[in-house]
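Data file: work05.txt. Format and content: compact mmCIF, C-alpha atoms and all ligand atoms.
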```
# COMPACT_ATOMS: atom_id res chain seq x y z
CA MET D 841 -31.20 -24.44 7.33
CA THR D 842 -28.82 -24.97 10.24
CA THR D 843 -28.97 -28.73 9.73
CA THR D 844 -28.24 -28.43 6.04
CA ALA D 845 -25.34 -26.05 6.61
CA PHE D 846 -23.88 -28.32 9.27
CA SER D 847 -24.04 -31.45 7.18
CA ARG D 848 -22.37 -29.65 4.30
CA ARG D 849 -19.63 -28.46 6.60
CA GLN D 850 -19.09 -31.99 7.75
CA ILE D 851 -18.81 -33.11 4.15
CA LEU D 852 -16.27 -30.38 3.39
CA ALA D 853 -14.27 -31.15 6.52
CA GLY D 854 -14.30 -34.84 5.65
CA ALA D 855 -13.23 -34.12 2.09
CA ALA D 856 -10.41 -31.90 3.33
CA THR D 857 -9.13 -34.63 5.65
CA LEU D 858 -9.26 -37.15 2.83
CA ALA D 859 -7.47 -34.81 0.45
CA GLY D 860 -4.81 -34.10 3.08
CA ALA D 861 -4.23 -37.80 3.64
CA THR D 862 -3.98 -38.68 -0.04
CA GLY D 863 -2.46 -35.45 -1.35
CA THR D 864 -5.40 -35.11 -3.72
CA ALA D 865 -6.49 -31.62 -4.75
CA LEU D 866 -10.06 -30.66 -3.94
CA SER D 867 -10.60 -29.44 -7.47
CA GLY D 868 -14.08 -28.20 -8.21
CA LEU D 869 -15.32 -28.80 -4.68
CA SER D 870 -15.90 -25.17 -3.83
CA ALA D 871 -14.47 -21.80 -4.67
CA PHE D 872 -14.93 -21.12 -0.96
CA GLY D 873 -12.31 -23.54 0.35
CA THR D 874 -8.92 -22.52 1.69
CA THR D 875 -5.61 -24.31 1.65
CA SER D 876 -3.96 -23.81 5.02
CA SER D 877 -0.46 -25.18 5.50
CA PRO D 878 -0.22 -28.27 7.68
CA ALA D 879 0.81 -27.50 11.26
CA THR D 880 4.07 -29.40 10.85
CA VAL D 881 5.53 -26.93 8.35
CA ARG D 882 4.82 -23.86 10.46
CA THR D 883 8.04 -22.42 11.74
CA ALA D 884 7.69 -18.67 11.31
CA LYS D 885 6.07 -16.27 13.72
CA ILE D 886 2.65 -14.92 12.80
CA PRO D 887 3.34 -12.12 10.29
CA TYR D 888 2.90 -8.61 11.70
CA GLY D 889 2.02 -5.41 9.91
CA ALA D 890 0.56 -1.94 10.37
CA ALA D 891 -1.58 0.60 8.57
CA VAL D 892 0.56 3.38 7.10
CA ARG D 893 0.06 6.89 5.75
CA ALA D 894 1.81 7.78 2.50
CA ASP D 895 2.40 11.41 3.50
CA ALA D 896 4.06 10.39 6.76
CA LEU D 897 6.23 7.78 5.01
CA ALA D 898 7.44 10.55 2.72
CA SER D 899 7.99 13.25 5.34
CA ASP D 900 8.92 11.44 8.57
CA SER D 901 12.09 9.38 8.24
CA ALA D 902 12.03 8.03 11.81
CA TYR D 903 8.49 6.71 11.31
CA ARG D 904 9.46 5.28 7.93
CA GLN D 905 12.40 3.47 9.53
CA ALA D 906 10.20 2.11 12.33
CA ILE D 907 7.86 0.65 9.73
CA ILE D 908 10.81 -0.93 7.89
CA ASP D 909 12.22 -2.33 11.13
CA ASN D 910 8.99 -3.85 12.42
CA CYS D 911 6.56 -4.74 9.63
CA GLN D 912 6.34 -7.62 7.19
CA MET D 913 3.23 -6.12 5.66
CA ILE D 914 1.54 -2.74 5.48
CA VAL D 915 -1.92 -1.50 4.59
CA ALA D 916 -2.88 1.92 3.28
CA GLU D 917 -4.95 3.65 5.97
CA GLY D 918 -6.82 5.67 3.35
CA GLU D 919 -4.87 5.86 0.11
CA MET D 920 -6.63 2.97 -1.62
CA LYS D 921 -10.11 4.10 -0.62
CA TRP D 922 -12.42 5.48 -3.27
CA PRO D 923 -12.16 9.22 -2.47
CA VAL D 924 -8.38 9.18 -2.82
CA ILE D 925 -7.83 6.69 -5.64
CA HIS D 926 -11.05 7.23 -7.66
CA PRO D 927 -12.01 10.83 -6.88
CA ALA D 928 -14.13 11.47 -9.97
CA ARG D 929 -16.05 9.34 -12.44
CA GLY D 930 -13.57 7.74 -14.83
CA GLU D 931 -10.65 9.38 -13.05
CA TYR D 932 -8.08 7.56 -10.95
CA SER D 933 -5.34 9.07 -8.84
CA PHE D 934 -2.74 6.44 -8.04
CA GLU D 935 0.06 8.59 -6.72
CA LYS D 936 -0.27 7.83 -3.00
CA ALA D 937 -1.26 4.21 -3.41
CA ASP D 938 1.63 3.70 -5.82
CA ALA D 939 4.01 5.26 -3.30
CA ILE D 940 2.88 2.79 -0.64
CA ALA D 941 3.20 -0.14 -3.05
CA ALA D 942 6.68 1.02 -4.12
CA PHE D 943 7.76 1.40 -0.49
CA ALA D 944 6.61 -2.17 0.22
CA ARG D 945 8.42 -3.55 -2.84
CA GLN D 946 11.65 -1.73 -1.95
CA ASN D 947 11.58 -3.14 1.55
CA GLY D 948 10.47 -6.69 0.83
CA MET D 949 7.02 -6.26 2.37
CA THR D 950 3.57 -7.11 1.11
CA VAL D 951 0.53 -4.83 1.18
CA ARG D 952 -2.98 -5.72 2.32
CA GLY D 953 -5.49 -4.15 -0.03
CA HIS D 954 -8.04 -1.97 1.76
CA THR D 955 -10.81 -1.70 0.60
CA LEU D 956 -12.95 -2.26 -2.50
CA ALA D 957 -16.60 -2.30 -1.40
CA TRP D 958 -17.41 -0.20 1.66
CA TYR D 959 -20.30 2.02 2.62
CA GLY D 960 -17.94 4.60 4.14
CA ALA D 961 -15.53 7.09 2.65
CA MET D 962 -17.20 7.28 -0.75
CA PRO D 963 -16.62 10.27 -3.06
CA THR D 964 -19.68 12.44 -3.74
CA TRP D 965 -19.73 11.57 -7.44
CA THR D 966 -20.87 8.02 -6.59
CA GLU D 967 -24.14 9.42 -5.22
CA SER D 968 -25.23 9.99 -8.81
CA ILE D 969 -25.03 6.28 -9.63
CA SER D 970 -28.66 5.63 -10.41
CA SER D 971 -29.22 2.15 -11.78
CA ARG D 972 -28.27 -1.43 -11.14
CA GLY D 973 -26.29 -1.69 -14.36
CA GLU D 974 -24.37 1.49 -13.66
CA ALA D 975 -23.54 0.40 -10.09
CA GLU D 976 -22.27 -2.95 -11.26
CA ARG D 977 -20.19 -1.34 -14.01
CA GLU D 978 -18.61 1.17 -11.61
CA LEU D 979 -17.89 -1.37 -8.87
CA VAL D 980 -16.46 -3.98 -11.23
CA GLY D 981 -14.55 -1.35 -13.23
CA HIS D 982 -12.97 -0.04 -10.02
CA ILE D 983 -11.92 -3.54 -9.00
CA GLU D 984 -10.60 -4.38 -12.47
CA THR D 985 -8.50 -1.22 -12.38
CA LEU D 986 -7.00 -1.55 -8.90
CA VAL D 987 -6.51 -5.24 -8.37
CA PRO D 988 -4.28 -6.09 -11.39
CA ARG D 989 -2.22 -2.94 -10.85
CA TYR D 990 -1.01 -4.18 -7.46
CA ARG D 991 -1.16 -7.92 -8.14
CA ASP D 992 2.57 -8.39 -7.47
CA VAL D 993 2.49 -6.81 -4.03
CA ILE D 994 -1.06 -7.28 -2.70
CA PRO D 995 -1.77 -10.94 -1.95
CA SER D 996 -4.83 -10.22 0.22
CA TRP D 997 -7.72 -7.78 -0.25
CA ASP D 998 -10.39 -6.53 2.14
CA VAL D 999 -12.88 -6.87 -0.67
CA VAL D 1000 -15.92 -6.16 1.49
CA ASN D 1001 -15.55 -3.89 4.49
CA GLU D 1002 -18.10 -3.63 7.32
CA PRO D 1003 -21.09 -5.16 5.52
CA LEU D 1004 -23.40 -5.26 8.56
CA ILE D 1005 -25.21 -2.61 10.56
CA ASP D 1006 -24.71 -2.38 14.32
CA ASP D 1007 -27.07 -4.71 16.19
CA PRO D 1008 -28.18 -6.61 13.06
CA ALA D 1009 -31.25 -8.86 13.06
CA ASP D 1010 -29.64 -11.25 10.60
CA ALA D 1011 -27.45 -11.42 7.49
CA ARG D 1012 -29.93 -9.29 5.58
CA SER D 1013 -29.20 -6.35 7.89
CA LEU D 1014 -26.70 -4.83 5.49
CA ARG D 1015 -25.35 -1.35 6.00
CA PRO D 1016 -27.03 1.01 3.55
CA SER D 1017 -24.68 2.24 0.85
CA ILE D 1018 -24.64 3.14 -2.79
CA TRP D 1019 -24.03 -0.57 -3.39
CA THR D 1020 -26.99 -1.90 -1.40
CA ARG D 1021 -29.20 0.82 -2.86
CA GLN D 1022 -28.63 -0.35 -6.41
CA LEU D 1023 -27.49 -3.96 -6.05
CA GLY D 1024 -28.97 -5.13 -2.75
CA ALA D 1025 -27.12 -8.07 -1.21
CA ASP D 1026 -25.74 -8.96 -4.65
CA TYR D 1027 -23.00 -6.39 -4.22
CA LEU D 1028 -21.02 -8.87 -2.13
CA PRO D 1029 -20.82 -11.71 -4.70
CA ILE D 1030 -20.32 -9.16 -7.47
CA ALA D 1031 -17.32 -7.62 -5.68
CA LEU D 1032 -15.85 -10.95 -4.60
CA ARG D 1033 -16.20 -12.55 -8.05
CA ALA D 1034 -14.75 -9.50 -9.78
CA THR D 1035 -11.73 -9.53 -7.46
CA ALA D 1036 -11.17 -13.26 -7.99
CA ALA D 1037 -11.36 -12.72 -11.74
CA ALA D 1038 -8.95 -9.77 -11.61
CA ASP D 1039 -6.40 -11.74 -9.57
CA PRO D 1040 -7.14 -15.44 -9.19
CA LYS D 1041 -4.36 -15.77 -6.60
CA ALA D 1042 -5.62 -13.03 -4.29
CA ARG D 1043 -6.94 -14.01 -0.88
CA LEU D 1044 -10.37 -12.47 -0.49
CA VAL D 1045 -11.44 -11.13 2.88
CA VAL D 1046 -14.68 -9.90 4.42
CA ASN D 1047 -13.61 -7.47 7.12
CA GLU D 1048 -15.84 -6.55 10.09
CA TYR D 1049 -15.70 -4.88 13.51
CA ASP D 1050 -17.40 -5.38 16.91
CA ILE D 1051 -17.08 -9.17 16.71
CA GLU D 1052 -15.33 -9.73 20.02
CA PHE D 1053 -17.20 -8.06 22.87
CA LYS D 1054 -19.65 -9.19 25.54
CA GLY D 1055 -23.20 -7.99 25.01
CA SER D 1056 -26.23 -8.74 22.91
CA ARG D 1057 -25.44 -6.41 20.02
CA TYR D 1058 -22.03 -8.03 19.56
CA ALA D 1059 -23.53 -11.52 19.75
CA ALA D 1060 -25.98 -10.36 17.08
CA LYS D 1061 -23.10 -9.21 14.88
CA ARG D 1062 -21.36 -12.58 15.20
CA ARG D 1063 -24.57 -14.46 14.35
CA ALA D 1064 -25.36 -12.28 11.35
CA LEU D 1065 -21.80 -12.42 10.03
CA LEU D 1066 -21.73 -16.21 10.22
CA GLN D 1067 -25.04 -16.35 8.42
CA LEU D 1068 -23.68 -14.03 5.76
CA LEU D 1069 -20.58 -16.21 5.28
CA ARG D 1070 -22.74 -19.32 4.96
CA THR D 1071 -24.96 -17.60 2.43
CA LEU D 1072 -21.91 -16.72 0.34
CA ARG D 1073 -20.62 -20.26 0.59
CA ASP D 1074 -23.95 -21.72 -0.38
CA ARG D 1075 -23.78 -19.60 -3.54
CA ASP D 1076 -20.19 -20.80 -4.13
CA VAL D 1077 -18.86 -17.26 -4.00
CA PRO D 1078 -15.06 -17.06 -3.78
CA LEU D 1079 -13.93 -16.09 -0.29
CA HIS D 1080 -10.92 -17.08 1.79
CA ALA D 1081 -10.92 -15.29 5.09
CA VAL D 1082 -12.63 -13.21 7.71
CA GLY D 1083 -10.89 -10.09 8.95
CA LEU D 1084 -11.42 -9.23 12.60
CA GLN D 1085 -10.75 -5.52 12.70
CA ALA D 1086 -10.31 -5.60 16.47
CA HIS D 1087 -10.71 -1.96 17.34
CA LEU D 1088 -10.76 -2.93 21.01
CA PHE D 1089 -11.90 -0.84 23.96
CA ALA D 1090 -10.06 -1.29 27.21
CA ASP D 1091 -13.31 -0.82 29.14
CA ARG D 1092 -15.23 -3.48 27.19
CA ASP D 1093 -14.87 -7.17 28.00
CA ILE D 1094 -13.90 -9.71 25.39
CA ASP D 1095 -16.56 -12.42 25.14
CA ARG D 1096 -14.22 -15.41 25.21
CA ASP D 1097 -16.92 -18.06 24.78
CA GLY D 1098 -18.83 -16.11 22.17
CA LEU D 1099 -15.75 -15.26 20.12
CA GLN D 1100 -14.37 -18.78 20.32
CA ALA D 1101 -17.68 -20.33 19.26
CA PHE D 1102 -17.79 -17.89 16.35
CA LEU D 1103 -14.23 -18.72 15.31
CA ALA D 1104 -14.86 -22.45 15.53
CA GLU D 1105 -17.69 -21.98 13.03
CA VAL D 1106 -15.45 -19.87 10.79
CA VAL D 1107 -12.82 -22.62 10.85
CA ALA D 1108 -15.49 -25.21 10.10
CA LEU D 1109 -16.36 -23.15 7.02
CA ARG D 1110 -12.69 -23.55 6.06
CA LEU D 1111 -12.04 -19.83 6.17
CA ASP D 1112 -8.83 -18.24 7.41
CA VAL D 1113 -8.85 -15.55 10.08
CA LEU D 1114 -6.82 -12.34 10.11
CA VAL D 1115 -6.54 -9.62 12.70
CA THR D 1116 -6.69 -6.60 10.43
CA GLU D 1117 -6.96 -3.32 12.37
CA LEU D 1118 -5.94 -3.95 15.97
CA ASP D 1119 -5.72 -1.01 18.34
CA VAL D 1120 -7.09 -0.27 21.80
CA VAL D 1121 -9.24 2.81 22.31
CA ASP D 1122 -8.21 4.33 25.63
CA PHE D 1123 -10.27 7.50 25.95
CA THR D 1124 -12.02 6.52 29.19
CA LEU D 1125 -8.97 5.00 30.89
CA PRO D 1126 -7.23 6.56 33.89
CA GLY D 1127 -4.62 9.24 33.25
CA PRO D 1128 -1.32 7.78 34.45
CA VAL D 1129 0.40 6.57 31.33
CA GLU D 1130 1.90 3.36 32.79
CA GLN D 1131 -1.49 2.28 34.11
CA ARG D 1132 -3.15 3.08 30.82
CA ASP D 1133 -0.54 1.26 28.74
CA ALA D 1134 -0.86 -1.80 30.97
CA LEU D 1135 -4.65 -1.89 30.52
CA VAL D 1136 -4.29 -1.46 26.76
CA ALA D 1137 -1.80 -4.34 26.64
CA LYS D 1138 -4.00 -6.56 28.80
CA THR D 1139 -7.02 -5.93 26.58
CA ALA D 1140 -5.06 -6.92 23.48
CA ARG D 1141 -3.66 -9.99 25.26
CA ASP D 1142 -7.17 -11.15 26.25
CA PHE D 1143 -8.31 -10.77 22.67
CA LEU D 1144 -5.30 -12.34 20.95
CA GLU D 1145 -5.11 -15.30 23.33
CA THR D 1146 -8.81 -15.94 22.84
CA VAL D 1147 -8.39 -15.96 19.06
CA CYS D 1148 -5.19 -18.02 19.00
CA ALA D 1149 -6.66 -20.71 21.24
CA VAL D 1150 -8.97 -21.53 18.31
CA VAL D 1151 -7.10 -20.50 15.18
CA ARG D 1152 -3.71 -19.13 14.25
CA PRO D 1153 -4.42 -15.84 12.48
CA LYS D 1154 -2.72 -15.45 9.11
CA ALA D 1155 -1.59 -12.00 10.17
CA ILE D 1156 -1.78 -9.53 13.01
CA VAL D 1157 -2.08 -6.00 11.68
CA THR D 1158 -2.40 -2.93 13.90
CA TRP D 1159 -4.20 0.19 12.64
CA GLY D 1160 -1.04 2.24 12.70
CA LEU D 1161 2.32 1.57 14.34
CA SER D 1162 2.85 4.68 16.42
CA ASP D 1163 0.50 6.91 18.43
CA ARG D 1164 1.96 9.71 16.30
CA TYR D 1165 -0.44 8.65 13.53
CA THR D 1166 -3.77 7.26 14.68
CA TRP D 1167 -7.43 7.76 13.78
CA VAL D 1168 -8.55 7.33 17.42
CA PRO D 1169 -8.58 11.02 18.50
CA ILE D 1170 -10.86 11.88 15.55
CA TYR D 1171 -13.69 10.08 17.41
CA PHE D 1172 -12.40 9.34 20.91
CA THR D 1173 -10.63 12.41 22.27
CA ARG D 1174 -9.69 12.20 25.94
CA ARG D 1175 -11.42 14.62 28.30
CA ASP D 1176 -8.17 15.27 30.18
CA GLY D 1177 -6.56 16.57 27.00
CA MET D 1178 -3.84 13.90 27.06
CA PRO D 1179 -2.98 12.18 23.78
CA ASN D 1180 -4.47 8.76 23.02
CA ARG D 1181 -2.09 5.78 23.22
CA PRO D 1182 -3.81 3.00 21.25
CA LEU D 1183 -0.84 1.59 19.29
CA PRO D 1184 2.31 -0.53 19.85
CA MET D 1185 4.72 2.44 19.82
CA ASP D 1186 4.24 5.79 21.46
CA ALA D 1187 4.39 9.14 19.66
CA GLY D 1188 8.14 9.20 20.24
CA LEU D 1189 8.44 5.78 18.53
CA GLN D 1190 9.26 3.99 21.78
CA ARG D 1191 7.91 0.47 22.20
CA LYS D 1192 5.01 0.07 24.63
CA PRO D 1193 3.73 -3.01 26.51
CA LEU D 1194 1.24 -3.61 23.69
CA PHE D 1195 4.16 -4.36 21.38
CA ASP D 1196 5.52 -6.96 23.82
CA VAL D 1197 2.13 -8.66 23.90
CA ILE D 1198 1.98 -8.83 20.11
CA ASP D 1199 5.53 -10.22 19.93
CA ASP D 1200 4.79 -12.77 22.61
CA ILE D 1201 1.63 -13.98 20.87
CA ARG D 1202 3.36 -14.16 17.48
CA GLN D 1203 6.09 -16.26 19.01
CA ARG D 1204 3.91 -18.53 21.15
CA PHE D 1205 1.49 -19.32 18.37
CA ALA D 1206 4.11 -19.63 15.61
O1 LIG L 1 -6.56 14.36 4.47
C1 LIG L 1 -7.40 15.28 5.18
C2 LIG L 1 -6.64 16.49 5.58
O2 LIG L 1 -6.23 17.18 4.42
C3 LIG L 1 -7.52 17.37 6.47
O3 LIG L 1 -6.77 18.44 6.94
C4 LIG L 1 -8.05 16.58 7.66
C5 LIG L 1 -9.02 17.40 8.51
O4 LIG L 1 -9.80 16.58 9.35
O5 LIG L 1 -8.74 15.46 7.18
C6 LIG L 1 -7.91 14.60 6.43
O6 LIG L 1 -8.62 13.46 6.02
C7 LIG L 1 -9.01 12.55 7.01
C8 LIG L 1 -8.29 11.23 6.77
O7 LIG L 1 -8.78 10.26 7.68
C9 LIG L 1 -6.76 11.34 6.90
O8 LIG L 1 -6.28 10.90 8.12
C10 LIG L 1 -10.50 12.37 6.90
O9 LIG L 1 -11.15 13.58 7.29
C11 LIG L 1 -10.96 11.27 7.79
O10 LIG L 1 -12.34 10.99 7.54
C12 LIG L 1 -10.16 10.01 7.49
O11 LIG L 1 -10.57 9.04 8.38
C13 LIG L 1 -10.18 7.72 8.10
C14 LIG L 1 -11.44 6.85 8.16
O12 LIG L 1 -11.10 5.47 8.09
C15 LIG L 1 -12.35 7.14 6.95
O13 LIG L 1 -11.73 6.80 5.75
C16 LIG L 1 -9.16 7.28 9.16
O14 LIG L 1 -7.94 7.97 8.94
C17 LIG L 1 -8.93 5.80 9.06
O15 LIG L 1 -8.11 5.37 10.13
C18 LIG L 1 -10.27 5.07 9.15
O16 LIG L 1 -10.01 3.68 9.02
C19 LIG L 1 -11.13 2.84 9.26
C20 LIG L 1 -10.97 1.63 8.33
O17 LIG L 1 -10.83 2.05 7.00
C21 LIG L 1 -12.16 0.69 8.48
N1 LIG L 1 -12.34 0.31 9.86
C22 LIG L 1 -12.41 1.40 10.84
C23 LIG L 1 -11.19 2.29 10.70
C24 LIG L 1 -11.15 3.36 11.78
O18 LIG L 1 -12.24 4.25 11.67
```
Before we go any further, please render this structure as structure tokens.
Ligand code: G3I
Amino acid sequence: MTTTAFSRRQILAGAATLAGATGTALSGLSAFGTTSSPATVRTAKIPYGAAVRADALASDSAYRQAIIDNCQMIVAEGEMKWPVIHPARGEYSFEKADAIAAFARQNGMTVRGHTLAWYGAMPTWTESISSRGEAERELVGHIETLVPRYRDVIPSWDVVNEPLIDDPADARSLRPSIWTRQLGADYLPIALRATAAADPKARLVVNEYDIEFKGSRYAAKRRALLQLLRTLRDRDVPLHAVGLQAHLFADRDIDRDGLQAFLAEVVALRLDVLVTELDVVDFTLPGPVEQRDALVAKTARDFLETVCAVVRPKAIVTWGLSDRYTWVPIYFTRRDGMPNRPLPMDAGLQRKPLFDVIDDIRQRFA
């Protein structure tokens, strides 16, 4: 299987080189292929964005201004997830998602769509989905409702979020969900094809976490994810990119060799890479804020430099802009009672060293 996959990759890479040299389109070659710009036309910095909360955008004008001042793109932290946007069977609630889309339009930003097929954050009504046909109808119907609605402002969707269990044996180690229960592994191609049909221009992303660390369970995740991507490609399923969530931990080492080998394979599959949810969990770090901020920044630098040495990410998105609004304390409260500081700006909207690292990387790898 490895041999077959490799030879096909070589063929695709060869075809891409040929097409680049002659200006010929690779029509019909594969729905899987991507069309990256040639290095010579790259002048802009890597685009930066942050996850936002609709309520905070509406109520907190300083936060809203900080988002306007710093972001080229935003992503809804929860407002496009099923429980908020599709709270009951046949019932959609677009108010908060629409507010985020309108904010982006008004300020010349794009939105990353997050997320269409995920095991987590599902409304209770979906537990009553009880057959394959019903699951496919609900999943496709959801995608057909959301994707065209935001077509003008969402160029990139996290179609599949977190498909794999922790410490997977292989690509079949999918996280149990309503989708796997009724559709098995077919839920991925079903979701990806439905999104491509709903917006043929959308960039389709499989988004995953725990890809970057040292240790056997993280190596297992990288192996299984690659296998999953190859399986999708072999079935000619439309897909354009891998999202590295990058919820980093300042006390976990980045596996430079492992991550770079993984990314080289992703590039060989002609997939783009995005950093989609960067933050640095700091709950075990020493108290003094300067020391903590420096360790957070160093962790992000190690990660981003490792990635950019192999591939220029299409975007760097942090999971929030300011420590004022972050998911981290929900799971990783500090024992000393001090607030977490995982994001580029502090709770007072002052820039932190992490922001300088992101700016530096965006500039250096422009
Ligand atoms: O809105 C209610 C509020 O009314 C209530 O008072 C409060 C009490 O806890 O809960 C609020 O809802 C919470 C919501 O975040 C709003 O912040 C939910 O309980 C909580 O489960 C929800 O968590 C979100 C989580 O995904 C699940 O959807 C986090 O904010 C969000 O940051 C997190 O994001 C995920 C990505 O989607 C996927 N990758 C990992 C990432 C971090 O866990």
Report the distance between CA of Arg1191 (chain D) and CA of Arg1175 (chain D) in Å, rounded to one decimal place.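 Going from CA of Arg1191 (chain D) over to CA of Arg1175 (chain D), I get 24.7 Å.
Of the listed residues D:Lys885, D:Arg972, D:Arg1181, D:His982, the one whose atoms come nearest to Ala928 (chain D) is D:His982, with distances taken using only C-alpha atoms.
With all atoms listed in the file as the atoms that count, the residue of D:Ala916, D:Ala1031, D:Ala961, D:Ala1104 with the shortest distance to ligand LIG 1 (chain L) is D:Ala961.
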Between D:Ile1201, D:Leu986, D:Val924, D:Leu1183, single out the one closest to ligand LIG 1 (chain L), counting all atoms listed in the file.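 Using all atoms listed in the file, the shortest distance to ligand LIG 1 (chain L) belongs to D:Val924.
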Would you tabulate, counting only C-alpha atoms and all ligand atoms, all residues of chain D that have an atom at most 10 Å from an atom of ligand LIG 1 (chain L), showing the closest pair of atoms and their distance in Å to one decimal, sorted by chain then ascending number, as a tab-separated table?
```
residue	atom	partner	partner_atom	distance
D:Ala891	CA	L:LIG1	O15	8.2
D:Val892	CA	L:LIG1	O15	9.4
D:Arg893	CA	L:LIG1	O8	7.9
D:Asp895	CA	L:LIG1	O1	9.5
D:Val915	CA	L:LIG1	O17	9.9
D:Ala916	CA	L:LIG1	O17	8.8
D:Glu917	CA	L:LIG1	C17	5.5
D:Gly918	CA	L:LIG1	O13	5.6
D:Glu919	CA	L:LIG1	C9	8.9
D:Met920	CA	L:LIG1	O17	9.6
D:Lys921	CA	L:LIG1	O13	7.1
D:Trp922	CA	L:LIG1	O13	9.1
D:Pro923	CA	L:LIG1	O13	8.6
D:Val924	CA	L:LIG1	O1	9.1
D:His954	CA	L:LIG1	O17	7.2
D:Thr955	CA	L:LIG1	O17	7.4
D:Trp958	CA	L:LIG1	C21	8.7
D:Gly960	CA	L:LIG1	C15	6.8
D:Ala961	CA	L:LIG1	O13	4.9
D:Met962	CA	L:LIG1	O13	8.5
D:Asp998	CA	L:LIG1	C21	9.8
D:Asn1001	CA	L:LIG1	C21	7.0
D:Glu1002	CA	L:LIG1	N1	7.4
D:Asn1047	CA	L:LIG1	N1	8.3
D:Glu1048	CA	L:LIG1	N1	7.7
D:Tyr1049	CA	L:LIG1	N1	7.2
D:Leu1084	CA	L:LIG1	N1	10.0
D:Gln1085	CA	L:LIG1	N1	6.7
D:Ala1086	CA	L:LIG1	N1	9.1
D:His1087	CA	L:LIG1	C22	7.5
D:Thr1116	CA	L:LIG1	N1	8.9
D:Glu1117	CA	L:LIG1	N1	7.0
D:Leu1118	CA	L:LIG1	C23	9.7
D:Asp1119	CA	L:LIG1	C24	9.6
D:Trp1159	CA	L:LIG1	O15	7.0
D:Gly1160	CA	L:LIG1	O15	8.1
D:Tyr1165	CA	L:LIG1	O8	8.3
D:Thr1166	CA	L:LIG1	O15	6.6
D:Trp1167	CA	L:LIG1	O15	4.4
D:Val1168	CA	L:LIG1	C24	7.4
D:Ile1170	CA	L:LIG1	O11	7.7
D:Tyr1171	CA	L:LIG1	O18	8.3
```
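For the set D:Thr1124, D:Ser899, D:Ser968, D:Ser1162, the residue with the smallest atom-to-atom gap to Gly1188 (chain D) is D:Ser1162, counting all atoms listed in the file.
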List every protein, DNA or RNA residue with an atom no more than 12 Å from (-3.6, -5.0, 29.5) in the file's coordinates, counting only C-alpha atoms, and format the result as a ChimeraX atom specification. /D:1088-1093,1120,1122,1125,1130-1144,1182,1192-1198
When distances are computed from all atoms listed in the file, which of D:Leu897, D:Val1046, D:Val1147, D:Ala1060 shows the smallest separation from Ala1009 (chain D)?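 The shortest atom-to-atom distance to Ala1009 (chain D) comes from D:Ala1060.
Among the candidates D:Ile1051, D:Val1045, D:Leu1065, D:Leu1103, the residue lying nearest to Val1077 (chain D) is D:Val1045 (atoms considered: only C-alpha atoms).
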For CA of Tyr1058 (chain D) and CA of Arg1152 (chain D), determine how far apart the two atoms are, in Å to one decimal place. 22.1 Å
Quick one: distance from CA of Tyr888 (chain D) to CA of Lys1154 (chain D) in Å, one decimal? 9.2 Å
Name the residues within 7 Å of (-2.8, -8.6, -1.3), counting all atoms listed in the file in the file's coordinates, and put them as a ChimeraX atom specification. /D:950-953,993-997,1042-1043
Using only C-alpha atoms, which protein or nucleic acid residues come within 9 Å of region 1035-1037 of chain D? Drop anything in the same chain fewer than 4 positions from it, and give the result as a PyMOL selection string. chain D and resi 956+980+983-984+987+997+999+1030-1031+1041-1044+1078-1079
